[in-house]
$ cat upload-v2.cif   # mmCIF, C-alpha atoms and all ligand atoms
data_input
loop_
_atom_site.label_atom_id
_atom_site.label_comp_id
_atom_site.auth_asym_id
_atom_site.auth_seq_id
_atom_site.Cartn_x
_atom_site.Cartn_y
_atom_site.Cartn_z
CA MET A 1 -23.57 -33.78 3.41
CA ARG A 2 -27.25 -32.84 4.05
CA THR A 3 -26.41 -32.11 7.74
CA LEU A 4 -23.54 -29.84 6.73
CA LYS A 5 -25.77 -27.98 4.28
CA HIS A 6 -28.44 -27.51 6.96
CA PHE A 7 -25.77 -26.31 9.40
CA MET A 8 -24.41 -23.80 6.90
CA ALA A 9 -27.89 -22.52 6.09
CA LEU A 10 -28.69 -22.18 9.80
CA ALA A 11 -25.36 -20.43 10.46
CA LEU A 12 -26.07 -18.04 7.62
CA ALA A 13 -29.59 -17.35 8.89
CA LEU A 14 -28.31 -16.75 12.42
CA ALA A 15 -25.59 -14.51 11.15
CA MET A 16 -28.09 -12.46 9.16
CA ALA A 17 -30.26 -12.17 12.26
CA LEU A 18 -27.46 -10.60 14.30
CA PRO A 19 -27.66 -6.80 14.64
CA ILE A 20 -25.90 -5.17 11.66
CA GLY A 21 -23.37 -2.46 12.51
CA ALA A 22 -22.27 -4.12 15.77
CA LYS A 23 -19.49 -5.73 13.74
CA PRO A 24 -16.45 -4.40 11.89
CA LYS A 25 -16.85 -3.61 8.20
CA ILE A 26 -14.37 -5.67 6.18
CA ARG A 27 -13.72 -5.58 2.43
CA ILE A 28 -12.29 -8.64 0.72
CA ILE A 29 -10.28 -8.08 -2.47
CA ALA A 30 -9.78 -11.30 -4.45
CA THR A 31 -6.81 -11.69 -6.81
CA GLY A 32 -6.92 -15.45 -7.55
CA GLY A 33 -4.43 -18.10 -6.46
CA THR A 34 -4.98 -21.63 -5.23
CA ILE A 35 -7.57 -20.47 -2.70
CA ALA A 36 -9.65 -19.82 -5.82
CA GLY A 37 -8.25 -22.86 -7.57
CA VAL A 38 -10.09 -25.97 -8.75
CA SER A 39 -8.55 -29.41 -8.94
CA VAL A 40 -9.49 -32.05 -11.48
CA THR A 41 -10.72 -34.31 -8.67
CA SER A 42 -10.71 -33.58 -4.94
CA ALA A 43 -7.92 -36.09 -4.47
CA SER A 44 -5.76 -34.95 -7.36
CA THR A 45 -2.78 -32.64 -7.10
CA ALA A 46 -3.41 -31.32 -10.60
CA TYR A 47 -5.32 -28.03 -10.43
CA THR A 48 -5.66 -24.56 -11.93
CA ALA A 49 -5.37 -21.43 -9.80
CA GLY A 50 -7.74 -18.47 -10.08
CA GLN A 51 -10.86 -20.34 -11.21
CA VAL A 52 -13.60 -19.48 -8.70
CA GLY A 53 -14.81 -15.97 -7.87
CA ILE A 54 -15.04 -14.21 -4.55
CA GLN A 55 -18.71 -15.07 -3.91
CA THR A 56 -17.90 -18.78 -4.11
CA LEU A 57 -15.15 -18.26 -1.55
CA LEU A 58 -17.51 -16.41 0.79
CA ASP A 59 -20.33 -18.94 0.34
CA ALA A 60 -17.96 -21.67 1.55
CA VAL A 61 -17.47 -19.91 4.91
CA PRO A 62 -20.83 -18.49 6.13
CA GLN A 63 -19.39 -18.34 9.68
CA ILE A 64 -17.46 -15.26 8.50
CA LEU A 65 -20.70 -13.31 8.87
CA ASN A 66 -20.49 -13.83 12.65
CA LEU A 67 -17.18 -11.93 12.67
CA ALA A 68 -17.87 -8.93 10.47
CA ASP A 69 -20.04 -7.26 7.86
CA VAL A 70 -18.17 -8.52 4.81
CA ASP A 71 -18.40 -7.68 1.15
CA GLY A 72 -15.92 -8.11 -1.64
CA GLU A 73 -14.60 -7.42 -5.10
CA GLN A 74 -12.59 -9.32 -7.68
CA LEU A 75 -9.57 -7.24 -8.69
CA VAL A 76 -8.00 -9.95 -10.90
CA ASN A 77 -8.19 -13.75 -10.97
CA ILE A 78 -4.65 -14.99 -11.61
CA GLY A 79 -2.09 -17.43 -10.34
CA SER A 80 0.25 -15.27 -8.27
CA GLN A 81 3.22 -16.34 -10.40
CA ASP A 82 1.63 -13.81 -12.80
CA MET A 83 1.41 -11.03 -10.19
CA ASN A 84 2.85 -7.83 -11.64
CA ASP A 85 3.62 -4.14 -11.03
CA GLU A 86 0.35 -2.99 -12.62
CA VAL A 87 -1.77 -5.12 -10.24
CA TRP A 88 0.37 -4.09 -7.26
CA ILE A 89 -0.15 -0.39 -7.96
CA LYS A 90 -3.89 -0.88 -8.58
CA LEU A 91 -4.20 -2.97 -5.38
CA ALA A 92 -2.37 -0.44 -3.20
CA LYS A 93 -4.47 2.45 -4.54
CA ARG A 94 -7.70 0.46 -4.05
CA ILE A 95 -6.83 -0.50 -0.45
CA ASN A 96 -6.08 3.14 0.39
CA GLU A 97 -9.46 4.18 -1.05
CA ILE A 98 -11.31 1.44 0.87
CA LEU A 99 -9.68 2.27 4.21
CA ASN A 100 -9.41 6.06 3.95
CA ASP A 101 -12.44 7.05 1.85
CA GLU A 102 -15.03 4.28 2.14
CA GLY A 103 -15.25 3.70 5.91
CA TYR A 104 -14.04 0.10 6.10
CA ASP A 105 -12.30 -1.16 9.24
CA GLY A 106 -9.99 -3.60 7.50
CA VAL A 107 -9.14 -5.35 4.26
CA VAL A 108 -8.47 -8.99 3.40
CA VAL A 109 -6.65 -9.78 0.15
CA THR A 110 -7.00 -13.34 -1.13
CA HIS A 111 -3.87 -14.17 -3.11
CA GLY A 112 -1.76 -17.00 -4.46
CA THR A 113 0.97 -18.18 -2.10
CA ASP A 114 3.83 -18.16 -4.64
CA THR A 115 4.35 -14.38 -4.49
CA MET A 116 2.21 -13.53 -1.45
CA GLU A 117 5.33 -12.50 0.50
CA GLU A 118 6.22 -9.99 -2.24
CA THR A 119 2.76 -8.43 -2.48
CA ALA A 120 2.61 -8.22 1.32
CA TYR A 121 5.93 -6.33 1.44
CA PHE A 122 4.98 -4.01 -1.42
CA LEU A 123 1.71 -3.15 0.37
CA ASN A 124 3.61 -2.77 3.67
CA LEU A 125 5.50 0.11 2.03
CA THR A 126 2.56 1.71 0.15
CA VAL A 127 -0.65 1.33 2.22
CA LYS A 128 -1.45 4.62 4.02
CA SER A 129 -3.51 3.36 6.95
CA GLU A 130 -2.99 1.76 10.37
CA LYS A 131 -6.06 -0.43 9.84
CA PRO A 132 -5.40 -4.16 9.37
CA VAL A 133 -4.56 -5.40 5.87
CA ILE A 134 -4.36 -9.20 5.85
CA LEU A 135 -3.32 -11.47 2.97
CA ALA A 136 -4.69 -15.02 2.89
CA GLY A 137 -4.35 -17.91 0.49
CA SER A 138 -4.24 -21.66 0.50
CA MET A 139 -2.00 -24.53 -0.44
CA ARG A 140 -4.86 -26.79 -1.50
CA PRO A 141 -7.48 -25.90 -4.12
CA SER A 142 -10.99 -24.88 -3.07
CA ASN A 143 -12.50 -28.31 -3.85
CA ALA A 144 -9.68 -30.46 -2.44
CA ILE A 145 -10.05 -32.89 0.47
CA SER A 146 -9.29 -30.84 3.64
CA ALA A 147 -9.01 -27.62 1.66
CA ASP A 148 -7.18 -25.09 3.87
CA GLY A 149 -8.61 -21.98 2.17
CA PRO A 150 -11.89 -21.65 4.12
CA ALA A 151 -10.14 -21.67 7.51
CA ASN A 152 -7.46 -19.27 6.27
CA LEU A 153 -10.14 -16.91 4.95
CA TYR A 154 -12.11 -17.09 8.22
CA ASN A 155 -8.95 -16.40 10.25
CA ALA A 156 -7.97 -13.53 7.94
CA VAL A 157 -11.35 -11.83 8.47
CA ALA A 158 -10.92 -12.37 12.22
CA ALA A 159 -7.49 -10.70 12.06
CA ALA A 160 -8.78 -7.84 9.88
CA SER A 161 -11.55 -7.32 12.45
CA SER A 162 -9.17 -7.34 15.40
CA PRO A 163 -7.93 -4.10 17.04
CA ALA A 164 -4.81 -6.10 18.02
CA CYS A 165 -3.77 -6.14 14.34
CA ARG A 166 -3.96 -2.35 13.95
CA GLY A 167 -0.61 -0.65 13.42
CA MET A 168 1.18 -3.95 12.74
CA GLY A 169 1.71 -3.28 9.06
CA VAL A 170 0.49 -5.70 6.41
CA LEU A 171 0.23 -9.29 7.65
CA CYS A 172 -0.13 -12.73 6.06
CA CYS A 173 -2.59 -15.15 7.67
CA MET A 174 -1.96 -18.82 6.88
CA ASN A 175 -2.34 -22.04 8.85
CA ASN A 176 -3.57 -20.23 12.01
CA GLN A 177 -0.46 -18.02 12.02
CA LEU A 178 0.06 -14.28 11.48
CA LEU A 179 3.29 -13.36 9.68
CA ASP A 180 4.90 -9.94 9.27
CA ALA A 181 5.24 -8.62 5.70
CA LYS A 182 9.00 -8.00 5.98
CA THR A 183 9.99 -11.43 7.31
CA VAL A 184 7.34 -13.77 5.84
CA ILE A 185 8.71 -16.34 3.39
CA LYS A 186 7.26 -19.35 1.59
CA THR A 187 9.59 -22.22 2.54
CA HIS A 188 7.95 -25.38 1.14
CA THR A 189 6.53 -26.08 -2.29
CA ILE A 190 3.46 -28.05 -1.21
CA ASP A 191 3.02 -28.19 2.62
CA CYS A 192 0.15 -26.26 4.24
CA ASP A 193 2.54 -24.92 6.88
CA THR A 194 4.86 -23.52 4.20
CA PHE A 195 5.04 -19.94 5.54
CA GLU A 196 7.60 -19.01 8.16
CA GLY A 197 8.65 -15.72 9.74
CA GLY A 198 12.41 -16.02 9.32
CA PRO A 199 14.74 -15.75 12.35
CA SER A 200 12.22 -13.59 14.28
CA GLY A 201 9.42 -16.15 13.82
CA ILE A 202 5.69 -15.50 13.54
CA ILE A 203 4.25 -12.17 14.73
CA GLY A 204 1.07 -13.70 16.15
CA TYR A 205 -1.59 -16.36 15.75
CA ILE A 206 -5.32 -16.79 15.39
CA TYR A 207 -7.20 -19.04 17.79
CA ASN A 208 -11.00 -19.40 17.99
CA GLY A 209 -11.46 -16.33 15.82
CA GLU A 210 -9.22 -14.17 18.02
CA ALA A 211 -5.90 -12.58 17.02
CA HIS A 212 -3.07 -12.89 19.56
CA MET A 213 0.08 -10.82 18.87
CA LEU A 214 3.48 -12.06 20.06
CA GLN A 215 5.66 -9.16 18.85
CA THR A 216 5.58 -5.91 16.87
CA PRO A 217 7.53 -5.03 13.68
CA ASN A 218 10.67 -2.93 14.25
CA ASN A 219 10.85 -1.48 10.73
CA LYS A 220 9.03 1.46 9.12
CA HIS A 221 5.79 0.61 7.30
CA THR A 222 2.36 1.91 6.13
CA VAL A 223 1.66 5.34 7.64
CA ASN A 224 5.37 5.79 8.48
CA SER A 225 6.50 4.93 4.95
CA VAL A 226 7.84 7.67 2.65
CA PHE A 227 6.72 5.75 -0.43
CA ASP A 228 3.55 6.88 -2.20
CA VAL A 229 2.10 5.25 -5.32
CA SER A 230 -0.95 7.55 -5.58
CA LYS A 231 0.57 9.40 -8.52
CA ILE A 232 2.56 6.48 -9.98
CA SER A 233 1.45 4.37 -12.95
CA ARG A 234 4.68 2.37 -13.34
CA LEU A 235 7.63 1.26 -11.23
CA PRO A 236 11.37 1.41 -12.04
CA LYS A 237 12.71 -1.78 -13.65
CA VAL A 238 14.67 -3.94 -11.22
CA GLY A 239 15.80 -7.50 -11.94
CA ILE A 240 17.41 -10.27 -9.90
CA VAL A 241 20.50 -12.27 -10.90
CA TYR A 242 21.21 -15.57 -9.16
CA GLY A 243 24.75 -16.31 -7.98
CA TYR A 244 26.52 -19.71 -8.10
CA ALA A 245 29.98 -21.18 -8.68
CA ASN A 246 31.50 -20.14 -12.01
CA ALA A 247 28.44 -17.96 -12.72
CA SER A 248 27.93 -16.51 -16.20
CA PRO A 249 27.92 -12.70 -16.46
CA ILE A 250 25.41 -12.88 -19.34
CA PRO A 251 22.21 -12.45 -17.26
CA MET A 252 23.52 -9.28 -15.60
CA GLN A 253 24.84 -7.99 -18.94
CA ALA A 254 21.41 -8.60 -20.46
CA LEU A 255 19.62 -6.61 -17.74
CA VAL A 256 22.05 -3.72 -18.16
CA ALA A 257 21.62 -3.81 -21.94
CA ALA A 258 17.83 -3.82 -21.49
CA GLY A 259 18.06 -0.55 -19.55
CA PHE A 260 17.14 -1.84 -16.09
CA ASP A 261 17.34 0.81 -13.37
CA GLY A 262 18.55 -1.59 -10.68
CA ILE A 263 19.84 -5.14 -10.25
CA VAL A 264 19.66 -7.26 -7.10
CA LEU A 265 22.18 -10.06 -6.80
CA ALA A 266 21.10 -13.24 -5.02
CA GLY A 267 24.72 -13.84 -4.18
CA VAL A 268 26.48 -16.74 -2.51
CA GLY A 269 27.19 -16.49 1.21
CA ASP A 270 27.25 -12.92 2.46
CA GLY A 271 26.16 -11.58 -0.94
CA ASN A 272 29.32 -12.46 -2.88
CA PHE A 273 29.51 -12.91 -6.66
CA TYR A 274 31.72 -14.70 -9.16
CA LYS A 275 34.57 -12.49 -10.46
CA ASP A 276 33.16 -12.19 -14.01
CA VAL A 277 29.79 -11.10 -12.60
CA PHE A 278 31.52 -8.73 -10.16
CA ASP A 279 33.28 -6.95 -13.04
CA VAL A 280 29.96 -6.43 -14.85
CA ALA A 281 28.35 -5.16 -11.62
CA VAL A 282 31.08 -2.54 -11.09
CA LYS A 283 30.66 -1.24 -14.65
CA ALA A 284 26.85 -1.29 -14.30
CA GLN A 285 27.00 0.80 -11.12
CA GLU A 286 29.36 3.24 -12.83
CA SER A 287 26.82 3.55 -15.68
CA GLY A 288 24.00 4.44 -13.25
CA VAL A 289 22.42 1.03 -12.55
CA GLN A 290 22.02 0.61 -8.79
CA ILE A 291 23.43 -2.72 -7.58
CA VAL A 292 22.06 -4.29 -4.39
CA ARG A 293 23.86 -7.26 -2.87
CA SER A 294 21.58 -9.84 -1.32
CA SER A 295 22.04 -13.57 -0.69
CA ARG A 296 20.65 -16.89 -1.86
CA CYS A 297 21.09 -18.12 1.74
CA PRO A 298 17.63 -18.56 3.33
CA THR A 299 18.65 -16.85 6.58
CA GLY A 300 21.19 -14.27 7.78
CA PRO A 301 21.88 -10.66 6.81
CA THR A 302 23.84 -9.43 3.80
CA CYS A 303 26.24 -7.09 5.59
CA LEU A 304 27.56 -3.72 4.38
CA ASN A 305 31.30 -3.61 3.59
CA SER A 306 31.91 -7.23 4.57
CA GLU A 307 33.84 -9.24 1.94
CA VAL A 308 32.80 -6.65 -0.66
CA GLU A 309 33.88 -3.00 -0.20
CA ASP A 310 30.43 -1.55 -0.92
CA SER A 311 31.50 2.01 -0.11
CA LYS A 312 34.18 1.80 -2.80
CA TYR A 313 31.81 0.54 -5.52
CA HIS A 314 28.62 2.31 -4.26
CA PHE A 315 26.84 -1.02 -3.92
CA VAL A 316 23.95 -1.31 -1.44
CA ALA A 317 23.80 -4.23 1.01
CA SER A 318 20.30 -5.67 1.45
CA LEU A 319 20.82 -6.29 5.21
CA ASP A 320 17.79 -8.36 6.37
CA LEU A 321 15.95 -8.46 3.03
CA ASN A 322 16.06 -11.52 0.78
CA PRO A 323 16.49 -10.91 -2.97
CA GLN A 324 12.79 -10.79 -3.85
CA LYS A 325 12.06 -8.23 -1.11
CA ALA A 326 15.24 -6.26 -1.76
CA ARG A 327 13.97 -5.87 -5.33
CA ILE A 328 10.71 -4.35 -4.08
CA LEU A 329 12.42 -1.88 -1.77
CA LEU A 330 14.91 -0.91 -4.50
CA MET A 331 12.06 -0.30 -7.00
CA LEU A 332 10.31 2.03 -4.55
CA ALA A 333 13.58 3.63 -3.39
CA LEU A 334 14.38 4.54 -7.01
CA THR A 335 11.12 6.51 -7.14
CA LYS A 336 12.65 8.75 -4.43
CA THR A 337 16.44 8.83 -5.01
CA HIS A 338 19.36 7.44 -7.06
CA ASP A 339 21.92 8.21 -4.34
CA TRP A 340 23.42 4.89 -3.11
CA GLN A 341 23.91 6.16 0.45
CA GLU A 342 20.30 7.38 0.69
CA ILE A 343 19.14 4.02 -0.67
CA GLN A 344 21.33 2.19 1.87
CA GLN A 345 19.65 4.23 4.63
CA LEU A 346 16.22 3.15 3.35
CA PHE A 347 17.37 -0.49 3.58
CA LYS A 348 18.31 0.18 7.22
CA GLU A 349 14.84 1.60 7.97
CA TYR A 350 12.44 -0.58 5.98
N1 LIG B 1 -0.20 -20.75 -8.80
C1 LIG B 1 0.24 -20.59 -7.43
C2 LIG B 1 -0.19 -19.18 -6.93
O1 LIG B 1 -1.23 -18.70 -7.38
C3 LIG B 1 -0.35 -21.62 -6.55
C4 LIG B 1 0.11 -21.55 -5.15
C5 LIG B 1 -0.99 -21.16 -4.18
O2 LIG B 1 -1.76 -20.20 -4.38
O3 LIG B 1 -1.00 -21.79 -3.11
O4 LIG B 1 0.54 -18.61 -6.12
#
$ encode --input "upload-v2.cif" --output "C-alpha cells"
Amino acid sequence: MRTLKHFMALALALAMALPIGAKPKIRIIATGGTIAGVSVTSASTAYTAGQVGIQTLLDAVPQILNLADVDGEQLVNIGSQDMNDEVWIKLAKRINEILNDEGYDGVVVTHGTDTMEETAYFLNLTVKSEKPVILAGSMRPSNAISADGPANLYNAVAAASSPACRGMGVLCCMNNQLLDAKTVIKTHTIDCDTFEGGPSGIIGYIYNGEAHMLQTPNNKHTVNSVFDVSKISRLPKVGIVYGYANASPIPMQALVAAGFDGIVLAGVGDGNFYKDVFDVAVKAQESGVQIVRSSRCPTGPTCLNSEVEDSKYHFVASLDLNPQKARILLMLALTKTHDWQEIQQLFKEY
C-alpha cells in the first residue's frame, strides 16, 4: 500500500511538473451514481450510490493529470434511478456554457449506470457543441475490490481530450469501450461489461489512453439538432406503459387521466398491444395525447404501419428507439410540434 501511495504521489508531482496549457482543458461534472458509491465493506455487494464527491474521484486517479488540465463540479449527488427532467435541463445548459462560453475542450459527466443511456440520449439532442461530451460510471462502488470507476474515469478524460471523439455526439465510456448515445443500452444488472451498442455495436474503444473510432453515428445530434432547452424550464409529460399478454388498460387510462402529453408503449413484438389497451390508445390519440409504439424486445425496429395501421390512428412508430429513448425524443418533439407526421419524421432523423 505504501508503494502505491508513493507511486501516486510521484505521478501527481510529475503531472504537475508538466507544462500547463500543452494539454486539453476538460471539465468534469459529477452527478453521483455507483462511481461515487461506497460499499459497507470492499467485498460486500451492499452499497449506497452518490456518497463521495468529485475531488475524491479525481484523487483516486492522479494519472488523469497526464492527459488533460482537469477541474470539476458537483451538479448533484444521486443514484441515477433518481435522475429527472430538472437535472437533465440544468446539465444540458451547464455543458453548453462550459463548452461555448468557458473555453473548455471537452466535458466528462460521471453518472449512475441505471439511466446513463437516457441522459446520454437527452444530451445528444440538446448539447450545442461538436466538442466531446463523455459519460462515465461504474458497476462497482469506489471502495470495492477491483473498482472499475477509476479506469472508466481515466478513459473518459482520454476520450474527452481526443480530437477523434469530436463530432461523434455524446458518448458513454465504460469498460474500455465507447458507445453511441442513440444505441447504448445497459444489458446486465451487475456485470462490469453491462453496456452494449445494440445491433450496430460499439462506436469505438479506448486503449492506452487513446480513443479509436470504429464508426460514426448516422442520426442527427448536437449541433445538427433542432431541439433547444436554453429557454425551457420543464419538459412535456410523457410516460411509458409496458405491454404483455392480457394487459390491463388501467396504467394507460391513468396517464391519460393525469393529463400526460404523450405515452410510449413498450409493446410486444413489433410494438403491438392487447386489445383493451389498444382501444384506450385510440381514444387517447383522438383526445390529443400522442401515442408512440415501441417494443419490449431488446433488439429490432418498431416499424411504421406494420401490424398496426399507424396512419389510420395517427400513432408514431419508434423505429430504432427503445421505449426509454423514444420517451426522450417524444418529450423534446412535443416542445416543437404536436403533428404526428412531423413527429414521425423526427423519429426517422434522430
Ligand atoms: N443506483 C444505481 C445508479 O446510480 C447504481 C448503478 C451504477 O451506478 O452502476 O445508476
$ residues_near_ligand --input "upload-v2.cif" --ligand "ligand LIG 1 (chain B)" --cutoff "8 Å" --atoms "all atoms listed in the file" --output "list in words"
Gly32, Gly33, Thr34, Ile35, Gly37, Thr48, Ala49, Gly50, Ile78, Gly79, Ser80, Gln81, Asp82, His111, Gly112, Thr113, Asp114, Thr115, Met116, Gly137, Ser138, Met139, Arg140, Pro141 and Ile190 of chain A
$ closest_residue --input "upload-v2.cif" --among "A:Val107, A:Ile54, A:Met168, A:Ala120" --to "Met83 of chain A" --atoms "only C-alpha atoms"
A:Ala120
$ atom_distance --input "upload-v2.cif" --atom1 "atom CA of Val268 of chain A" --atom2 "atom CA of Gly201 of chain A"
23.6 Å
$ atom_distance --input "upload-v2.cif" --atom1 "atom CA of Ile263 of chain A" --atom2 "atom CA of His188 of chain A"
26.1 Å
$ residues_near_point --input "upload-v2.cif" --point "(-5.8, -0.2, 1.5)" --cutoff "9 Å" --atoms "all atoms listed in the file" --output "PyMOL selection string"
chain A and resi 91-100+106-107+123+126-129+131-133
$ closest_residue --input "upload-v2.cif" --among "A:Leu255, A:Val241, A:Cys173, A:Leu332" --to "Arg296 of chain A" --atoms "only C-alpha atoms"
A:Val241
$ residues_around --input "upload-v2.cif" --residues "Glu210 of chain A" --least-positions-apart "5" --cutoff "9 Å" --atoms "only C-alpha atoms" --output "list in words"
Asn155, Ala158, Ala159, Ser162 and Tyr205 of chain A
$ closest_atom_pairs --input "upload-v2.cif" --of "segment 199-268 of chain A" --to "segment 276-295 of chain A" --cutoff "8 Å" --atoms "all atoms listed in the file" --output "Markdown table"
| residue | atom | partner | partner_atom | distance |
| --- | --- | --- | --- | --- |
| A:Ala247 | CA | A:Val277 | CA | 7.0 |
| A:Ser248 | CA | A:Val277 | CA | 6.8 |
| A:Pro249 | CA | A:Val277 | CA | 4.6 |
| A:Met252 | CA | A:Val280 | CA | 7.1 |
| A:Gln253 | CA | A:Val280 | CA | 6.7 |
| A:Val256 | CA | A:Ala284 | CA | 6.6 |
| A:Phe260 | CA | A:Val289 | CA | 7.0 |
| A:Asp261 | CA | A:Val289 | CA | 5.2 |
| A:Gly262 | CA | A:Gln290 | CA | 4.5 |
| A:Ile263 | CA | A:Ile291 | CA | 5.1 |
| A:Val264 | CA | A:Val292 | CA | 4.7 |
| A:Leu265 | CA | A:Arg293 | CA | 5.1 |
| A:Ala266 | CA | A:Ser295 | CA | 4.4 |
| A:Gly267 | CA | A:Ser295 | CA | 4.4 |
| A:Val268 | CA | A:Ser295 | CA | 5.8 |
$ atom_distance --input "upload-v2.cif" --atom1 "atom CA of Ile240 of chain A" --atom2 "atom CA of Tyr313 of chain A"
18.5 Å
